[in-house]
$ cat protein.txt   # compact mmCIF, C-alpha atoms
# COMPACT_ATOMS: atom_id res chain seq x y z
CA MET O 212 0.00 0.00 0.00
CA THR O 213 1.17 3.55 -0.65
CA GLY O 214 0.18 6.96 0.64
CA GLN O 215 0.38 10.42 -0.85
CA GLU O 216 -0.82 13.98 -0.30
CA VAL O 217 -3.29 15.39 -2.83
CA THR O 218 -4.10 19.12 -2.85
CA GLY O 219 -3.24 19.42 0.80
CA ARG O 220 -5.49 16.56 1.86
CA ALA O 221 -4.44 13.03 2.69
CA GLU O 222 -5.13 10.27 0.22
CA ARG O 223 -4.02 6.65 0.49
CA THR O 224 -3.99 4.17 -2.36
CA TYR O 225 -4.16 0.47 -1.58
CA GLU O 226 -2.87 -1.97 -4.17
CA ALA O 227 -5.29 -4.49 -5.64
CA LEU O 228 -5.67 -7.61 -3.51
CA PRO O 229 -5.36 -11.10 -4.98
CA PRO O 230 -8.40 -13.36 -5.35
CA GLU O 231 -9.52 -14.92 -2.09
CA GLY O 232 -11.62 -17.98 -1.29
CA GLY O 233 -13.50 -18.71 1.91
CA GLN O 234 -16.78 -17.49 3.29
CA GLY O 235 -16.14 -14.03 4.72
CA SER O 236 -14.69 -10.78 3.41
CA ALA O 237 -13.82 -9.42 6.87
CA ARG O 238 -12.22 -10.91 9.95
CA THR O 239 -12.25 -8.01 12.43
CA TRP O 240 -15.34 -6.75 14.18
CA TRP O 241 -15.06 -3.34 12.52
CA GLY O 242 -14.67 -4.94 9.07
CA ARG O 243 -17.84 -6.92 9.69
CA ALA O 244 -19.58 -3.76 10.90
CA TRP O 245 -18.63 -2.10 7.59
CA LEU O 246 -20.22 -4.98 5.65
CA LYS O 247 -23.30 -4.82 7.88
CA ALA O 248 -23.70 -1.16 6.84
CA LEU O 249 -23.54 -2.27 3.19
CA GLU O 250 -26.18 -4.97 3.73
CA ASP O 251 -28.40 -2.54 5.62
CA THR O 252 -28.06 0.13 2.93
CA ALA O 253 -28.43 -1.94 -0.25
CA LEU O 254 -32.00 -2.70 -1.32
CA ASP O 255 -31.05 -5.69 -3.48
CA GLY O 256 -29.36 -8.54 -1.64
CA LYS O 257 -28.47 -10.19 -4.94
CA GLN O 258 -26.21 -7.28 -5.85
CA VAL O 259 -24.44 -7.55 -2.48
CA LYS O 260 -23.77 -11.25 -3.12
CA ALA O 261 -22.63 -10.54 -6.68
CA GLY O 262 -20.26 -7.89 -5.35
CA ARG O 263 -18.81 -10.37 -2.89
CA ARG O 264 -18.14 -12.80 -5.76
CA HIS O 265 -16.51 -10.03 -7.80
CA ALA O 266 -14.23 -9.06 -4.92
CA ARG O 267 -13.22 -12.64 -4.20
CA ALA O 268 -12.43 -13.17 -7.88
CA GLY O 269 -9.98 -10.25 -7.86
CA ALA O 270 -12.10 -7.94 -10.01
CA VAL O 271 -11.42 -4.85 -7.86
CA GLY O 272 -8.39 -2.75 -8.78
CA ALA O 273 -6.39 -0.42 -6.57
CA VAL O 274 -8.56 1.36 -4.00
CA ALA O 275 -8.10 5.09 -3.40
CA VAL O 276 -9.25 6.33 0.00
CA ARG O 277 -9.65 10.01 0.75
CA PRO O 278 -11.87 12.09 3.03
CA GLY O 279 -15.50 11.39 2.21
CA ARG O 280 -14.96 8.90 -0.60
CA ILE O 281 -13.41 5.61 -1.73
CA THR O 282 -12.84 4.81 -5.41
CA ALA O 283 -11.75 1.83 -7.50
CA VAL O 284 -12.09 0.40 -10.98
CA VAL O 285 -14.13 -2.81 -10.90
CA ARG O 286 -14.24 -5.17 -13.87
CA ASP O 287 -17.44 -6.96 -14.72
CA LEU O 288 -17.58 -10.67 -15.56
CA ASP O 289 -17.03 -9.84 -19.25
CA GLY O 290 -14.00 -7.66 -18.43
CA THR O 291 -15.79 -4.30 -18.85
CA PRO O 292 -14.28 -1.75 -16.43
CA TYR O 293 -16.49 0.51 -14.31
CA ARG O 294 -15.52 3.31 -11.96
CA ALA O 295 -17.14 2.63 -8.59
CA ASP O 296 -17.31 5.19 -5.77
CA VAL O 297 -18.76 5.00 -2.28
CA VAL O 298 -19.38 8.26 -0.45
CA VAL O 299 -18.97 8.39 3.34
CA GLN O 300 -19.93 11.33 5.57
CA GLU O 301 -16.91 13.27 6.87
CA PHE O 302 -16.74 14.35 10.50
CA GLY O 303 -17.27 18.00 11.28
CA ALA O 304 -14.92 20.10 13.40
CA ALA O 305 -16.98 19.45 16.55
CA ASP O 306 -16.90 15.68 15.92
CA TRP O 307 -13.12 15.70 15.56
CA GLU O 308 -12.73 17.79 18.69
CA ARG O 309 -14.70 15.27 20.75
CA LEU O 310 -12.85 12.32 19.20
CA LEU O 311 -9.41 13.81 19.78
CA GLU O 312 -10.22 14.74 23.38
CA LEU O 313 -11.39 11.19 24.02
CA VAL O 314 -8.41 9.40 22.42
CA ALA O 315 -5.78 11.81 23.78
CA GLY O 316 -7.00 11.15 27.30
CA GLN O 317 -6.45 7.39 27.02
CA ALA O 318 -2.94 6.12 26.29
CA GLY O 319 -4.38 2.66 25.66
CA TYR O 320 -6.48 3.96 22.77
CA ILE O 321 -3.46 5.50 21.03
CA ALA O 322 -1.46 2.28 21.52
CA ALA O 323 -4.31 0.22 20.09
CA LEU O 324 -4.61 2.43 17.00
CA LEU O 325 -0.85 2.23 16.41
CA ASP O 326 -1.24 -1.56 16.63
CA ARG O 327 -3.89 -1.36 13.90
CA ASP O 328 -6.67 -2.23 16.34
CA ILE O 329 -9.97 -0.56 17.24
CA PRO O 330 -11.06 -1.79 20.69
CA PRO O 331 -14.85 -2.20 20.86
CA HIS O 332 -15.01 0.03 23.94
CA LEU O 333 -13.34 2.84 21.97
CA ALA O 334 -16.22 2.81 19.49
CA GLU O 335 -18.66 2.67 22.41
CA ASP O 336 -16.98 5.62 24.12
CA MET O 337 -17.11 7.57 20.85
CA LEU O 338 -20.84 6.90 20.59
CA ALA O 339 -21.23 8.12 24.17
CA VAL O 340 -19.79 11.51 23.17
CA GLY O 341 -21.87 11.64 19.98
CA VAL O 342 -19.33 10.45 17.39
CA GLU O 343 -20.30 7.48 15.19
CA LEU O 344 -17.01 6.07 13.93
CA LEU O 345 -18.55 3.15 12.03
CA PRO O 346 -21.06 3.67 9.23
CA GLY O 347 -24.68 2.69 9.70
CA ILE O 348 -27.82 2.34 7.59
CA GLY O 349 -27.66 4.62 4.55
CA ASP O 350 -24.13 5.86 5.27
CA LEU O 351 -22.47 4.12 2.29
CA GLU O 352 -23.81 6.00 -0.74
CA PRO O 353 -23.00 4.37 -4.11
CA GLU O 354 -21.94 6.07 -7.33
CA CYS O 355 -21.04 3.93 -10.35
CA SER O 356 -20.41 4.55 -14.04
CA CYS O 357 -22.86 1.72 -14.81
CA GLU O 358 -25.48 4.32 -13.75
CA ALA O 359 -27.25 2.07 -11.24
CA TRP O 360 -29.27 4.14 -8.77
CA ASP O 361 -28.68 1.75 -5.86
CA HIS O 362 -25.71 -0.40 -4.87
CA CYS O 363 -24.72 -2.47 -7.89
CA ALA O 364 -22.31 -5.40 -8.07
CA HIS O 365 -19.44 -2.94 -8.67
CA THR O 366 -19.97 -0.71 -5.62
CA ALA O 367 -20.77 -3.78 -3.50
CA ALA O 368 -17.49 -5.36 -4.66
CA LEU O 369 -15.65 -2.18 -3.66
CA CYS O 370 -17.23 -2.34 -0.19
CA HIS O 371 -16.27 -5.99 0.24
CA GLN O 372 -12.71 -5.17 -0.81
CA MET O 373 -12.67 -2.24 1.60
CA ALA O 374 -13.68 -4.55 4.43
CA ARG O 375 -10.55 -6.64 3.80
CA LEU O 376 -8.43 -3.49 3.73
CA LEU O 377 -9.97 -2.21 6.97
CA ASP O 378 -8.95 -5.48 8.63
CA ARG O 379 -5.34 -4.53 7.89
CA ASP O 380 -5.51 -0.78 8.37
CA PRO O 381 -8.35 0.72 10.45
CA PHE O 382 -6.78 4.16 9.93
CA ALA O 383 -8.43 4.03 6.50
CA LEU O 384 -11.76 4.43 8.28
CA LEU O 385 -10.53 7.59 10.00
CA LEU O 386 -9.19 8.86 6.68
CA MET O 387 -12.66 8.50 5.15
CA ARG O 388 -13.95 10.56 8.05
CA GLY O 389 -11.50 13.35 7.23
CA ARG O 390 -8.07 12.89 8.88
CA GLY O 391 -5.05 10.94 7.65
CA GLU O 392 -2.92 8.83 9.96
CA ARG O 393 0.02 11.26 10.17
CA GLU O 394 -2.23 14.27 10.69
CA LEU O 395 -4.21 12.48 13.40
CA LEU O 396 -1.14 11.27 15.30
CA ASP O 397 0.47 14.72 15.13
CA GLU O 398 -2.64 16.32 16.65
CA LEU O 399 -2.75 13.71 19.40
CA GLN O 400 0.93 14.34 20.18
CA GLU O 401 0.31 18.08 20.42
CA ARG O 402 -2.59 17.56 22.80
CA ASN O 403 -0.59 15.21 24.99
CA ALA O 404 2.24 17.74 25.14
CA ALA O 405 -0.15 20.55 26.00
CA SER O 406 -1.73 18.56 28.83
CA GLY O 407 1.59 17.41 30.36
CA PRO O 408 2.84 18.50 33.81
CA ASP O 409 5.00 21.32 32.41
CA ARG O 410 1.85 23.06 31.19
CA ALA O 411 0.03 22.86 34.49
CA PRO O 412 -1.10 26.19 36.06
CA GLY O 413 1.85 28.15 37.44
CA ARG O 414 4.47 26.19 35.49
CA GLY O 415 4.76 28.63 32.62
CA SER O 416 5.59 27.63 29.06
CA GLY O 417 9.37 27.13 29.36
CA PRO O 418 11.28 24.12 28.08
CA ARG O 419 10.19 20.72 29.37
CA SER O 420 12.47 18.41 31.29
CA GLY O 421 12.73 14.78 30.19
CA VAL O 422 14.45 11.46 30.76
CA PRO O 423 17.70 10.65 28.92
CA ALA O 424 17.10 8.15 26.14
CA ALA O 425 19.91 5.90 27.44
CA GLU O 426 18.01 5.44 30.70
CA VAL O 427 14.81 4.54 28.87
CA PHE O 428 16.52 1.90 26.71
CA ALA O 429 18.40 0.53 29.73
CA ALA O 430 15.16 0.15 31.66
CA ALA O 431 13.47 -1.55 28.72
CA SER O 432 16.28 -4.07 28.35
CA SER O 433 16.04 -5.03 32.01
CA VAL O 434 12.42 -6.12 31.74
CA LEU O 435 12.10 -9.89 31.71
CA PRO O 436 10.50 -11.35 28.57
CA LEU O 437 7.05 -12.84 28.80
CA PRO O 438 6.94 -16.61 29.30
CA GLU O 439 5.99 -18.89 26.44
CA PRO O 440 2.24 -19.53 26.19
CA PRO O 441 1.08 -22.80 27.75
CA PRO O 442 0.61 -25.79 25.45
CA ALA O 443 -2.83 -26.78 24.20
CA VAL O 444 -4.70 -29.43 26.17
CA GLU O 445 -6.16 -32.30 24.15
CA ALA O 446 -8.81 -33.29 26.70
CA PRO O 447 -10.06 -31.89 30.02
CA GLY O 448 -8.92 -33.54 33.23
CA ARG O 449 -11.08 -36.20 34.86
CA SER O 450 -13.12 -35.32 37.92
CA PRO O 451 -12.12 -37.06 41.18
CA VAL O 452 -14.54 -39.60 42.64
CA LEU O 453 -16.12 -37.96 45.68
CA ASP O 454 -18.74 -40.54 46.70
CA GLY O 455 -16.48 -43.54 47.30
CA ASP O 456 -16.26 -45.65 50.46
CA ALA O 457 -16.21 -42.69 52.81
CA ALA O 458 -19.62 -41.22 53.59
CA PRO O 459 -20.07 -37.73 52.08
CA ALA O 460 -20.37 -34.74 54.34
CA PRO O 461 -23.93 -33.96 55.48
CA GLY O 462 -25.79 -31.92 52.89
CA LEU O 463 -23.14 -32.50 50.20
CA ASP O 464 -24.35 -33.84 46.84
CA ALA O 465 -21.18 -35.62 45.76
CA GLY O 466 -22.52 -36.48 42.30
CA ALA O 467 -23.44 -32.87 41.58
CA LEU O 468 -20.04 -31.69 42.79
CA GLU O 469 -18.27 -34.20 40.55
CA PHE O 470 -20.31 -32.91 37.61
CA LEU O 471 -19.40 -29.28 38.40
CA VAL O 472 -15.69 -30.17 38.60
CA ALA O 473 -15.86 -31.94 35.22
CA ALA O 474 -17.78 -29.05 33.66
CA ALA O 475 -15.24 -26.53 35.01
CA ALA O 476 -12.37 -28.57 33.54
CA ALA O 477 -14.08 -28.70 30.14
CA GLN O 478 -14.70 -24.94 30.21
CA ALA O 479 -11.08 -24.25 31.22
CA ARG O 480 -9.85 -26.32 28.28
CA GLN O 481 -12.15 -24.42 25.91
CA LEU O 482 -11.00 -21.03 27.24
CA LEU O 483 -7.36 -22.06 26.84
CA ALA O 484 -7.96 -23.18 23.25
CA GLU O 485 -9.63 -19.83 22.47
CA ALA O 486 -6.78 -17.90 24.13
CA LEU O 487 -4.20 -19.73 21.98
CA ALA O 488 -6.14 -19.16 18.75
CA PRO O 489 -4.75 -16.51 16.35
CA GLY O 490 -6.37 -13.08 16.75
CA HIS O 491 -7.75 -13.84 20.22
CA GLU O 492 -6.28 -10.61 21.59
CA ARG O 493 -8.56 -8.63 19.28
CA ALA O 494 -11.74 -10.49 20.16
CA PRO O 495 -14.19 -8.62 22.40
CA VAL O 496 -14.48 -9.84 25.98
CA ALA O 497 -17.62 -11.92 26.43
CA ARG O 498 -20.09 -10.64 28.99
CA GLU O 499 -20.77 -12.61 32.15
CA LEU O 500 -23.59 -15.13 31.84
CA THR O 501 -26.77 -14.72 33.84
CA LEU O 502 -27.89 -17.43 36.26
CA ARG O 503 -30.46 -18.75 33.77
CA GLU O 504 -27.90 -18.79 30.94
CA ASP O 505 -25.26 -20.53 33.05
CA ALA O 506 -27.73 -23.21 34.08
CA VAL O 507 -28.38 -23.95 30.40
CA ARG O 508 -24.62 -24.05 29.71
CA LEU O 509 -24.19 -26.62 32.45
CA ALA O 510 -27.19 -28.64 31.24
CA ALA O 511 -25.64 -28.71 27.76
CA ALA O 512 -22.71 -30.66 29.25
CA GLY O 513 -25.00 -33.68 29.66
CA PRO O 514 -25.57 -34.25 33.40
CA ASP O 515 -27.63 -37.18 34.62
CA GLU O 516 -31.38 -36.71 34.94
CA ARG O 517 -31.31 -35.95 38.67
CA ILE O 518 -28.89 -33.05 38.19
CA ALA O 519 -30.75 -31.82 35.09
CA VAL O 520 -33.96 -31.60 37.16
CA ARG O 521 -32.11 -29.55 39.78
CA LEU O 522 -30.72 -27.22 37.08
CA ALA O 523 -34.20 -26.72 35.60
CA ALA O 524 -35.64 -25.84 39.01
CA GLY O 525 -32.73 -23.57 39.82
CA CYS O 526 -33.26 -21.43 36.72
CA GLY O 527 -37.06 -21.42 36.85
CA ARG O 528 -37.70 -23.66 33.84
CA GLU O 529 -39.80 -26.74 33.32
CA ARG O 530 -37.79 -29.87 32.59
CA SER O 531 -38.92 -29.90 28.93
CA GLY O 532 -38.19 -26.19 28.71
CA LEU O 533 -34.61 -26.84 29.79
CA ASP O 534 -34.22 -29.38 26.96
CA ARG O 535 -35.41 -26.78 24.44
CA ALA O 536 -33.02 -24.21 25.93
CA VAL O 537 -30.11 -26.66 25.68
CA ARG O 538 -30.97 -27.33 22.05
CA ALA O 539 -30.92 -23.60 21.35
CA TRP O 540 -27.64 -23.18 23.24
CA GLN O 541 -25.97 -25.86 21.14
CA HIS O 542 -26.81 -23.91 17.98
CA GLY O 543 -25.39 -20.55 19.11
CA GLY O 544 -24.86 -20.06 22.85
CA PRO O 545 -26.39 -17.01 24.58
CA ALA O 546 -27.48 -15.38 21.29
CA SER O 547 -29.49 -18.44 20.24
CA LEU O 548 -30.98 -18.76 23.73
CA ALA O 549 -32.15 -15.12 23.62
CA VAL O 550 -33.96 -15.76 20.33
CA LEU O 551 -35.74 -18.75 21.86
CA GLU O 552 -37.16 -16.68 24.70
CA GLU O 553 -37.52 -13.12 23.41
CA GLU O 554 -40.21 -11.47 21.30
CA TRP O 555 -39.79 -7.89 20.07
CA ILE O 556 -40.77 -5.60 17.21
CA PRO O 557 -37.95 -4.94 14.68
CA GLU O 558 -37.49 -1.67 12.83
CA PRO O 559 -39.58 -1.35 9.64
CA GLU O 560 -36.42 -0.80 7.56
CA ALA O 561 -35.03 -4.19 8.64
CA LEU O 562 -38.29 -5.90 7.71
CA ALA O 563 -38.37 -4.20 4.32
CA ARG O 564 -34.86 -5.42 3.51
CA ALA O 565 -35.77 -8.95 4.59
CA ARG O 566 -38.89 -8.97 2.42
CA ALA O 567 -36.84 -7.77 -0.56
CA ARG O 568 -34.30 -10.54 -0.08
CA LEU O 569 -36.96 -13.20 0.24
CA ALA O 570 -38.81 -11.94 -2.83
CA ALA O 571 -35.60 -12.01 -4.87
CA ALA O 572 -34.76 -15.58 -3.85
CA TRP O 573 -37.82 -17.33 -5.35
CA ALA O 574 -39.97 -17.00 -8.44
CA GLU O 575 -43.31 -15.48 -7.49
CA GLU O 576 -45.25 -18.70 -8.03
CA GLU O 577 -42.74 -20.74 -5.98
CA ALA O 578 -42.25 -18.37 -3.08
CA PRO O 579 -43.16 -19.76 0.36
CA GLN O 580 -46.10 -17.99 1.96
CA LEU O 581 -45.18 -16.24 5.18
CA ARG O 582 -47.03 -14.80 8.15
CA ALA O 583 -45.06 -12.32 10.27
CA VAL O 584 -45.65 -11.57 13.95
CA ARG O 585 -43.11 -9.40 15.75
CA ASN O 586 -39.66 -10.91 15.12
CA ARG O 587 -41.04 -14.32 14.05
CA TRP O 588 -41.89 -15.21 10.44
CA THR O 589 -43.80 -18.47 9.95
CA VAL O 590 -44.14 -20.43 6.69
CA VAL O 591 -47.85 -21.14 6.35
CA GLY O 592 -48.57 -24.86 6.43
CA ALA O 593 -44.94 -25.99 6.51
CA GLY O 594 -44.11 -26.11 10.22
CA ALA O 595 -41.11 -23.83 9.57
CA GLN O 596 -40.27 -20.47 11.12
CA LEU O 597 -37.53 -17.84 11.11
CA ARG O 598 -36.72 -15.69 14.14
CA TYR O 599 -34.90 -12.36 13.83
CA ASP O 600 -32.45 -11.34 16.56
CA ARG O 601 -31.30 -7.89 17.64
CA ASP O 602 -27.98 -8.28 15.78
CA GLY O 603 -29.69 -8.71 12.40
CA ARG O 604 -29.42 -12.52 12.13
CA TRP O 605 -32.08 -15.10 11.27
CA TRP O 606 -32.49 -18.35 13.22
CA PRO O 607 -34.41 -21.39 11.85
CA TYR O 608 -37.14 -23.09 13.89
CA ARG O 609 -39.26 -26.16 13.17
CA LYS O 610 -42.53 -27.22 14.80
CA GLU O 611 -42.17 -30.58 16.54
CA GLY O 612 -44.84 -32.07 18.77
CA GLY O 613 -46.80 -28.83 18.69
CA ARG O 614 -43.86 -26.65 19.85
CA TRP O 615 -41.36 -24.53 17.98
CA GLU O 616 -37.91 -26.05 18.34
CA PRO O 617 -34.51 -24.56 17.35
CA ALA O 618 -33.41 -26.14 14.06
CA GLY O 619 -29.92 -24.84 13.33
CA PRO O 620 -27.39 -21.99 13.46
CA CYS O 621 -28.15 -18.46 12.28
CA GLU O 622 -27.78 -16.85 8.85
CA SER O 623 -27.42 -13.16 8.01
CA ASP O 624 -29.58 -13.69 4.88
CA PRO O 625 -33.21 -14.70 5.63
CA ALA O 626 -33.52 -16.33 2.19
CA ALA O 627 -30.54 -18.60 2.90
CA ALA O 628 -31.90 -19.51 6.34
CA LEU O 629 -35.34 -20.26 4.93
CA ALA O 630 -33.98 -22.26 1.98
CA GLY O 631 -31.99 -24.49 4.32
CA LEU O 632 -35.00 -24.95 6.57
CA LEU O 633 -37.34 -25.87 3.71
CA THR O 634 -34.78 -28.18 2.14
CA ASP O 635 -34.78 -30.23 5.35
CA ALA O 636 -38.57 -30.08 5.70
CA PRO O 637 -40.68 -33.26 5.29
CA ALA O 638 -41.76 -34.07 1.73
CA GLY O 639 -44.82 -32.23 0.56
CA ARG O 640 -44.55 -29.46 3.14
CA THR O 641 -42.33 -27.00 1.23
CA HIS O 642 -45.11 -25.32 -0.76
CA PRO O 643 -48.27 -24.97 1.34
CA PRO O 644 -51.65 -24.65 -0.38
CA ASP O 645 -52.85 -21.65 1.62
CA ASP O 646 -53.00 -18.35 -0.20
CA THR O 647 -51.50 -15.96 2.35
CA SER O 648 -50.24 -12.51 1.40
CA PRO O 649 -46.56 -11.60 2.02
CA PRO O 650 -45.69 -10.22 5.47
CA THR O 651 -46.07 -6.53 6.19
CA GLY O 652 -44.74 -4.29 8.93
CA ARG O 653 -48.31 -4.04 10.27
CA GLN O 654 -48.43 -7.79 10.88
CA PHE O 655 -45.50 -7.44 13.27
CA GLU O 656 -47.82 -5.58 15.61
CA GLY O 657 -50.19 -8.53 16.09
CA GLU O 658 -50.03 -11.40 18.53
CA GLU O 659 -48.24 -14.70 17.93
CA GLU O 660 -50.48 -17.67 17.28
$ encode --input "protein.txt" --output "structure tokens"
Amino acid sequence: MTGQEVTGRAERTYEALPPEGGQGSARTWWGRAWLKALEDTALDGKQVKAGRRHARAGAVGAVAVRPGRITAVVRDLDGTPYRADVVVQEFGAADWERLLELVAGQAGYIAALLDRDIPPHLAEDMLAVGVELLPGIGDLEPECSCEAWDHCAHTAALCHQMARLLDRDPFALLLMRGRGERELLDELQERNAASGPDRAPGRGSGPRSGVPAAEVFAAASSVLPLPEPPPAVEAPGRSPVLDGDAAPAPGLDAGALEFLVAAAAAQARQLLAEALAPGHERAPVARELTLREDAVRLAAAGPDERIAVRLAAGCGRERSGLDRAVRAWQHGGPASLAVLEEEWIPEPEALARARARLAAAWAEEEAPQLRAVRNRWTVVGAGAQLRYDRDGRWWPYRKEGGRWEPAGPCESDPAAALAGLLTDAPAGRTHPPDDTSPPTGRQFEGEEE
């Protein structure tokens, strides 16, 4: 990648990336947030998918990033070149003032940026002071020489390519907002200097005292290196037998305690494996589980029936309800469990995008007939249902024994989730005979059947 100054304003040009396989265009949380803004903005999900294929095939040329705009030449499948632009809102002077005050006051934020990292709490703190670092719905405005009025395959390909570039260099996001890396770091340095002890009241503005460089390097060399990370563990340790010949202490359930020890060992092994995985240091810290969630996590470890009954009672669930919760947990942990238990009314814009994607996925005469209530969309007559979560993902459910049961992991595309659900449906249930109109936002205000 190269950088250059253009008419007094920073511009950075990133060389074209080679073709890439795999499923995702972004690996960092901010890269995925960028793609989420694309999906939320584009009206045609097919164009977003086509853009992803273009980007993976290496159809996007060098990407120029400058304040308010990114540009690249994207070649179509027949080799025809198109100039694709995506316009991003620049920050105003007040926005930059709040951002600089926030980052300058936290040495950890500056260190993270220099390490090409954007900690999630930095973005949260920016939101708290009224600065939206990451784009949202409608923030990625397309312009393309193919003259499409919405996101086309070319601008979508540029956005997918930009997500890969943001993984490597999050400063590109700040450049779009109006400040280049060098300019931003210089301003932060000036603010740190101005707020140092030599500028405190009564100190005057004379020369600052410092520490000789030789002392700094000598101190750094005396610090012991970090130890090597521990080796991976192939299997968790076995729980000791606590209910042997000796009688257990009064009130002690030895079997339950053995189960808790085994579950703790399994969780410790999983946490170690995650800590040793590449990129773990950039992953957000998971929140602490609630009592009800932790009971389901323990039940998912497969205790005997007596302990499972105790777990169900301890978290306020019926025994059958705990089995359903465990099934949900196995498909997606706390997020899947929340979808099992929560009903809410999504934003109309999210529902409109979902309807557009579903309509584009089937011919009109083959489209499954849906009835929508709150965040749950049911296929009429097929015993199949999709549930929408607060992070914009769709979870498949299937009716079994008169109850809706979790049927698999989530999908970001409702059409893909529904297609997988209907493919696995019993024969003859994919296309119901009822003539039900497509879902509307108004139907989300009704009551679930």
$ closest_atom_pairs --input "protein.txt" --of "range 352-410 of chain O" --to "range 274-286 of chain O" --cutoff "6 Å" --atoms "only C-alpha atoms" --output "tab-separated table"
residue	atom	partner	partner_atom	distance
O:His365	CA	O:Val285	CA	5.8
O:Leu386	CA	O:Pro278	CA	5.6
O:Met387	CA	O:Pro278	CA	4.2
O:Arg388	CA	O:Pro278	CA	5.6
O:Gly389	CA	O:Pro278	CA	4.4
$ atom_distance --input "protein.txt" --atom1 "CA of Gly269 in chain O" --atom2 "CA of Asp326 in chain O"
27.4 Å
$ closest_residue --input "protein.txt" --among "O:Gln596, O:Gln317, O:Gln478, O:Thr239" --to "Glu611 in chain O" --atoms "only C-alpha atoms"
O:Gln596
$ atom_distance --input "protein.txt" --atom1 "CA of Ala322 in chain O" --atom2 "CA of Ala339 in chain O"
20.8 Å
$ closest_residue --input "protein.txt" --among "O:Ala268, O:Val342, O:Val591, O:Ala323" --to "Leu288 in chain O" --atoms "only C-alpha atoms"
O:Ala268
$ closest_residue --input "protein.txt" --among "O:Gly319, O:Gly592, O:Pro617, O:Pro447" --to "Glu552 in chain O" --atoms "only C-alpha atoms"
O:Pro617
$ atom_distance --input "protein.txt" --atom1 "CA of Asp296 in chain O" --atom2 "CA of Cys355 in chain O"
6.0 Å
$ residues_around --input "protein.txt" --residues "range 489-504 of chain O" --least-positions-apart "2" --cutoff "10 Å" --atoms "all atoms listed in the file" --output "ChimeraX atom specification"
/O:238-240,323,328-332,484-487,506-510,522-523,525-528,533,536-537,540,544-545,548-549
$ closest_residue --input "protein.txt" --among "O:Ala626, O:Ala334, O:Ala593, O:Ala359" --to "Tyr293 in chain O" --atoms "all atoms listed in the file"
O:Ala359
$ closest_residue --input "protein.txt" --among "O:Glu558, O:Glu358, O:Asp534, O:Asp380" --to "Ala295 in chain O" --atoms "only C-alpha atoms"
O:Glu358
